[in-house]
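As stored in model_10.pdb (PDB, C-alpha atoms, pLDDT in the B column):
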```
ATOM      1  CA  ALA P 140     190.593 283.438 -14.864  1.00 46.00           C
ATOM      2  CA  SER P 141     189.520 282.913 -11.314  1.00 52.00           C
ATOM      3  CA  ILE P 142     188.988 279.626  -9.561  1.00 53.00           C
ATOM      4  CA  HIS P 143     185.907 279.278  -7.393  1.00 50.00           C
ATOM      5  CA  VAL P 144     185.488 276.664  -4.706  1.00 49.00           C
ATOM      6  CA  ILE P 145     182.770 274.220  -5.646  1.00 48.00           C
ATOM      7  CA  HIS P 146     181.127 272.408  -2.811  1.00 51.00           C
ATOM      8  CA  ILE P 147     180.525 268.912  -4.087  1.00 50.00           C
ATOM      9  CA  ASN P 148     177.534 268.040  -2.008  1.00 58.00           C
ATOM     10  CA  ASN P 149     176.947 264.398  -2.765  1.00 62.00           C
ATOM     11  CA  SER P 150     175.661 263.827   0.762  1.00 66.00           C
ATOM     12  CA  VAL P 151     172.650 265.996  -0.085  1.00 65.00           C
ATOM     13  CA  LEU P 152     172.099 263.996  -3.263  1.00 66.00           C
ATOM     14  CA  LEU P 153     172.362 260.709  -1.361  1.00 71.00           C
ATOM     15  CA  LEU P 154     169.944 261.974   1.284  1.00 72.00           C
ATOM     16  CA  CYS P 155     167.549 263.070  -1.451  1.00 69.00           C
ATOM     17  CA  MET P 156     167.676 259.634  -3.044  1.00 72.00           C
ATOM     18  CA  LEU P 157     167.149 257.914   0.303  1.00 79.00           C
ATOM     19  CA  VAL P 158     164.175 260.149   1.068  1.00 76.00           C
ATOM     20  CA  ALA P 159     162.761 259.475  -2.404  1.00 74.00           C
ATOM     21  CA  THR P 160     163.145 255.726  -1.841  1.00 78.00           C
ATOM     22  CA  TRP P 161     161.511 255.951   1.580  1.00 80.00           C
ATOM     23  CA  CYS P 162     158.683 258.070   0.165  1.00 75.00           C
ATOM     24  CA  THR P 163     158.196 255.544  -2.613  1.00 74.00           C
ATOM     25  CA  SER P 164     157.901 252.701  -0.128  1.00 77.00           C
ATOM     26  CA  MET P 165     155.600 254.615   2.213  1.00 75.00           C
ATOM     27  CA  GLY P 166     153.496 255.921  -0.650  1.00 73.00           C
ATOM     28  CA  TYR P 167     153.053 252.459  -2.066  1.00 74.00           C
ATOM     29  CA  ILE P 168     152.031 251.097   1.339  1.00 77.00           C
ATOM     30  CA  LEU P 169     149.571 253.937   1.973  1.00 73.00           C
ATOM     31  CA  ILE P 170     148.008 253.698  -1.466  1.00 72.00           C
ATOM     32  CA  HIS P 171     147.774 249.934  -1.218  1.00 72.00           C
ATOM     33  CA  GLU P 172     146.210 250.091   2.275  1.00 75.00           C
ATOM     34  CA  PHE P 173     143.854 253.022   1.790  1.00 72.00           C
ATOM     35  CA  GLY P 174     142.996 252.732  -1.878  1.00 70.00           C
ATOM     36  CA  GLY P 175     144.456 256.097  -2.921  1.00 65.00           C
ATOM     37  CA  SER P 176     145.297 257.226  -6.423  1.00 68.00           C
ATOM     38  CA  PHE P 177     148.402 255.785  -8.020  1.00 67.00           C
ATOM     39  CA  LEU P 178     148.439 258.772 -10.371  1.00 69.00           C
ATOM     40  CA  THR P 179     149.104 261.131  -7.440  1.00 68.00           C
ATOM     41  CA  PHE P 180     151.786 258.802  -6.153  1.00 69.00           C
ATOM     42  CA  TYR P 181     153.579 258.697  -9.511  1.00 73.00           C
ATOM     43  CA  ALA P 182     153.312 262.479  -9.896  1.00 73.00           C
ATOM     44  CA  VAL P 183     154.979 263.062  -6.505  1.00 72.00           C
ATOM     45  CA  MET P 184     157.685 260.490  -7.258  1.00 74.00           C
ATOM     46  CA  GLY P 185     158.285 262.126 -10.636  1.00 78.00           C
ATOM     47  CA  VAL P 186     158.843 265.516  -8.992  1.00 78.00           C
ATOM     48  CA  LEU P 187     161.207 264.043  -6.385  1.00 76.00           C
ATOM     49  CA  SER P 188     163.127 262.105  -9.035  1.00 77.00           C
ATOM     50  CA  GLY P 189     163.341 265.216 -11.186  1.00 80.00           C
ATOM     51  CA  PHE P 190     164.831 267.153  -8.270  1.00 79.00           C
ATOM     52  CA  CYS P 191     167.455 264.435  -7.725  1.00 75.00           C
ATOM     53  CA  PHE P 192     168.394 264.257 -11.414  1.00 79.00           C
ATOM     54  CA  ARG P 193     168.513 268.053 -11.710  1.00 82.00           C
ATOM     55  CA  HIS P 194     170.848 268.292  -8.712  1.00 79.00           C
ATOM     56  CA  LEU P 195     173.089 265.575 -10.145  1.00 78.00           C
ATOM     57  CA  ARG P 196     173.157 267.233 -13.577  1.00 82.00           C
ATOM     58  CA  LEU P 197     174.032 270.663 -12.144  1.00 84.00           C
ATOM     59  CA  TRP P 198     176.804 269.099 -10.066  1.00 80.00           C
ATOM     60  CA  GLN P 199     178.225 267.415 -13.178  1.00 82.00           C
ATOM     61  CA  ILE P 200     178.105 270.678 -15.166  1.00 87.00           C
ATOM     62  CA  ARG P 201     179.950 272.555 -12.397  1.00 87.00           C
ATOM     63  CA  LYS P 202     182.491 269.754 -12.114  1.00 85.00           C
ATOM     64  CA  ASN P 203     183.135 269.849 -15.879  1.00 88.00           C
ATOM     65  CA  GLU P 204     183.517 273.645 -15.792  1.00 90.00           C
ATOM     66  CA  ALA P 205     186.016 273.408 -12.927  1.00 88.00           C
ATOM     67  CA  GLU P 206     188.008 270.716 -14.753  1.00 90.00           C
ATOM     68  CA  LEU P 207     188.127 272.904 -17.863  1.00 91.00           C
ATOM     69  CA  ARG P 208     189.363 275.900 -15.842  1.00 91.00           C
ATOM     70  CA  ILE P 209     192.085 273.755 -14.288  1.00 92.00           C
ATOM     71  CA  ALA P 210     193.054 272.111 -17.602  1.00 92.00           C
ATOM     72  CA  THR P 211     193.497 275.534 -19.250  1.00 93.00           C
ATOM     73  CA  PHE P 212     195.045 277.299 -16.241  1.00 94.00           C
ATOM     74  CA  ASP P 213     197.494 280.091 -16.980  1.00 95.00           C
ATOM     75  CA  VAL P 214     198.953 282.072 -14.105  1.00 95.00           C
ATOM     76  CA  ARG P 215     199.331 285.091 -16.399  1.00 95.00           C
ATOM     77  CA  ALA P 216     195.542 285.215 -16.888  1.00 93.00           C
ATOM     78  CA  CYS P 217     194.765 285.093 -13.156  1.00 91.00           C
ATOM     79  CA  THR P 218     193.352 288.083 -11.349  1.00 91.00           C
ATOM     80  CA  CYS P 219     195.731 289.655  -8.867  1.00 89.00           C
ATOM     81  CA  ALA P 220     194.022 291.395  -5.938  1.00 91.00           C
ATOM     82  CA  VAL P 221     196.724 294.060  -5.941  1.00 92.00           C
ATOM     83  CA  GLU P 222     198.009 294.373  -9.490  1.00 93.00           C
ATOM     84  CA  THR P 223     201.292 295.929  -8.359  1.00 94.00           C
ATOM     85  CA  ASP P 224     202.054 292.637  -6.563  1.00 94.00           C
ATOM     86  CA  ARG P 225     202.066 290.642  -9.823  1.00 95.00           C
ATOM     87  CA  PRO P 226     205.855 290.921 -10.407  1.00 95.00           C
ATOM     88  CA  ALA P 227     206.529 289.725  -6.842  1.00 95.00           C
ATOM     89  CA  VAL P 228     204.102 286.813  -7.286  1.00 95.00           C
ATOM     90  CA  TYR P 229     205.792 285.833 -10.553  1.00 96.00           C
ATOM     91  CA  LEU P 230     209.207 286.090  -8.898  1.00 95.00           C
ATOM     92  CA  ASN P 231     208.105 283.843  -6.026  1.00 95.00           C
ATOM     93  CA  ILE P 232     206.644 281.301  -8.451  1.00 95.00           C
ATOM     94  CA  SER P 233     209.901 281.331 -10.426  1.00 95.00           C
ATOM     95  CA  ARG P 234     211.920 280.775  -7.253  1.00 95.00           C
ATOM     96  CA  LEU P 235     209.603 277.947  -6.187  1.00 94.00           C
ATOM     97  CA  MET P 236     209.927 276.213  -9.543  1.00 95.00           C
ATOM     98  CA  ARG P 237     213.724 276.525  -9.458  1.00 95.00           C
ATOM     99  CA  PHE P 238     213.932 275.362  -5.840  1.00 94.00           C
ATOM    100  CA  SER P 239     211.725 272.334  -6.566  1.00 92.00           C
ATOM    101  CA  GLU P 240     213.951 271.593  -9.588  1.00 92.00           C
ATOM    102  CA  SER P 241     210.985 271.770 -11.937  1.00 92.00           C
ATOM    103  CA  VAL P 242     213.132 273.983 -14.152  1.00 94.00           C
ATOM    104  CA  ILE P 243     216.887 274.461 -14.414  1.00 94.00           C
ATOM    105  CA  GLN P 244     218.441 277.049 -12.099  1.00 92.00           C
ATOM    106  CA  ASN P 245     219.099 279.589 -14.864  1.00 93.00           C
ATOM    107  CA  ALA P 246     215.641 279.237 -16.469  1.00 94.00           C
ATOM    108  CA  SER P 247     213.882 282.437 -17.388  1.00 95.00           C
ATOM    109  CA  GLN P 248     210.847 283.659 -15.486  1.00 95.00           C
ATOM    110  CA  GLU P 249     208.676 282.803 -18.502  1.00 95.00           C
ATOM    111  CA  GLU P 250     209.973 279.223 -18.523  1.00 96.00           C
ATOM    112  CA  ALA P 251     209.311 278.928 -14.804  1.00 96.00           C
ATOM    113  CA  LEU P 252     205.763 280.260 -15.197  1.00 96.00           C
ATOM    114  CA  ASP P 253     205.134 277.835 -18.057  1.00 96.00           C
ATOM    115  CA  ALA P 254     206.391 274.960 -15.885  1.00 96.00           C
ATOM    116  CA  PHE P 255     204.126 276.157 -13.059  1.00 96.00           C
ATOM    117  CA  ASN P 256     201.146 276.178 -15.429  1.00 96.00           C
ATOM    118  CA  LEU P 257     201.905 272.618 -16.510  1.00 95.00           C
ATOM    119  CA  ARG P 258     202.255 271.468 -12.927  1.00 93.00           C
ATOM    120  CA  VAL P 259     198.919 273.051 -11.929  1.00 92.00           C
ATOM    121  CA  ARG P 260     197.221 271.556 -14.985  1.00 93.00           C
ATOM    122  CA  SER P 261     198.496 268.057 -14.295  1.00 91.00           C
ATOM    123  CA  GLU P 262     198.750 267.765 -10.494  1.00 90.00           C
ATOM    124  CA  LEU P 263     195.753 269.884  -9.516  1.00 89.00           C
ATOM    125  CA  LEU P 264     193.563 268.284 -12.174  1.00 88.00           C
ATOM    126  CA  LYS P 265     194.506 264.793 -10.942  1.00 88.00           C
ATOM    127  CA  ALA P 266     193.814 265.793  -7.318  1.00 87.00           C
ATOM    128  CA  PHE P 267     190.494 267.395  -8.241  1.00 85.00           C
ATOM    129  CA  GLN P 268     189.360 264.382 -10.243  1.00 81.00           C
ATOM    130  CA  ALA P 269     190.418 261.989  -7.480  1.00 81.00           C
ATOM    131  CA  SER P 270     188.575 263.985  -4.825  1.00 78.00           C
ATOM    132  CA  SER P 271     185.411 264.404  -6.854  1.00 71.00           C
ATOM    133  CA  SER P 272     185.275 260.769  -7.968  1.00 65.00           C
ATOM    134  CA  ALA P 273     185.972 259.516  -4.433  1.00 49.00           C
ATOM    135  CA  SER P 274     183.009 261.485  -3.128  1.00 47.00           C
ATOM    136  CA  ALA P 275     180.679 260.290  -5.867  1.00 44.00           C
TER     137      ALA P 275
END
```
Step by step, read the file and then write its structure as structure tokens.
Amino acid sequence: ASIHVIHINNSVLLLCMLVATWCTSMGYILIHEFGGSFLTFYAVMGVLSGFCFRHLRLWQIRKNEAELRIATFDVRACTCAVETDRPAVYLNISRLMRFSESVIQNASQEEALDAFNLRVRSELLKAFQASSSASA
């Protein structure tokens, strides 16, 4: 399982909504002043609204996928760029978990990796949810 960085681009969504609101106001004024077709106005607003909702929906789908990947994280299933480095990575994770007292000093490597998985699932998930909800 690999984790990809997801750029949560709520500023683009906000800008889109502001532009749609401005276009709505300007369109209403222009149609009211020049006697244009309200049907055209509503068609354009429908397309702009659809773009905004589509962007928001895709962002939510990606956010849910990322949360699922974090919630089911297992270091053993991760891709290692150099597969021969995997034992050294596991050893370093085990040392980190012992040093941080997340496991007892004589815990096995498997116990340390399990504790690491739990820590990633809980702490990283909380941080991800806090960052994505704060930017919403």
Q. Which residue out of P:Glu240, P:Glu206, P:Glu249, P:Asp224 has the minimum interatomic distance to Ser271 (chain P) when only C-alpha atoms are used?
A.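 That would be P:Glu206, the residue with the smallest distance to Ser271 (chain P).
Using all atoms listed in the file for every distance, the candidate list P:Met184, P:Leu263, P:Ala251, P:Cys191 yields P:Met184 as the residue closest to Tyr167 (chain P).
One distance worth recording is that between CA of Arg193 (chain P) and CA of Leu157 (chain P), which is 15.8 Å.
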Q. Which residues, written as a PyMOL selection string, have at least one atom at most 10 Å from Ala254 (chain P), with only C-alpha atoms counted and residues fewer than 2 positions away on the same chain left out?
A. chain P and resi 232-233+236-237+241-242+248-252+256-260
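Here CA of Cys162 (chain P) stands at a distance of 25.4 Å from CA of Gln199 (chain P).
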Q: Quick one: everything within 9 Å of region 208-218 of chain P, counting all atoms listed in the file, minus sequence neighbours fewer than 3 positions away in the same chain. Send it as a PyMOL selection string.
A: chain P and resi 140-142+203-205+221-222+229+252-253+255-257+259-261+263-264+267
Q: For Ser164 (chain P), list every protein, DNA or RNA residue within 12 Å, evaluated using all atoms listed in the file, and leave out those in the same chain fewer than 6 positions away; present the list as a VMD selection string.
A: chain P and resid 157 to 158 170 to 171 180 to 181 184
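With all atoms listed in the file as the atoms that count, the residue of P:Ser270, P:Thr223, P:Ser188, P:Asn245 with the shortest distance to Thr163 (chain P) is P:Ser188.
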Q.
Just the number, please: distance in Å from CA of Pro226 (chain P) to CA of Ser247 (chain P), one decimal.
A. 13.6 Å
Around all listed atoms of region 254-269 of chain P, padded 3 Å per side, what centre and edge lengths does the axis-aligned box have in Å to one decimal, as AutoDock Vina command-line options?
```
--center_x 197.9 --center_y 269.1 --center_z -11.9 --size_x 23.0 --size_y 20.2 --size_z 15.2
```
Q | Best match for closeness to Phe190 (chain P) among P:Arg225, P:Met156, P:Phe238, P:Glu262, counting only C-alpha atoms | A | P:Met156
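Taking all atoms listed in the file into account, Gln268 (chain P) lies nearest to P:Leu207 out of the set P:Leu153, P:Val183, P:Ile243, P:Leu207.
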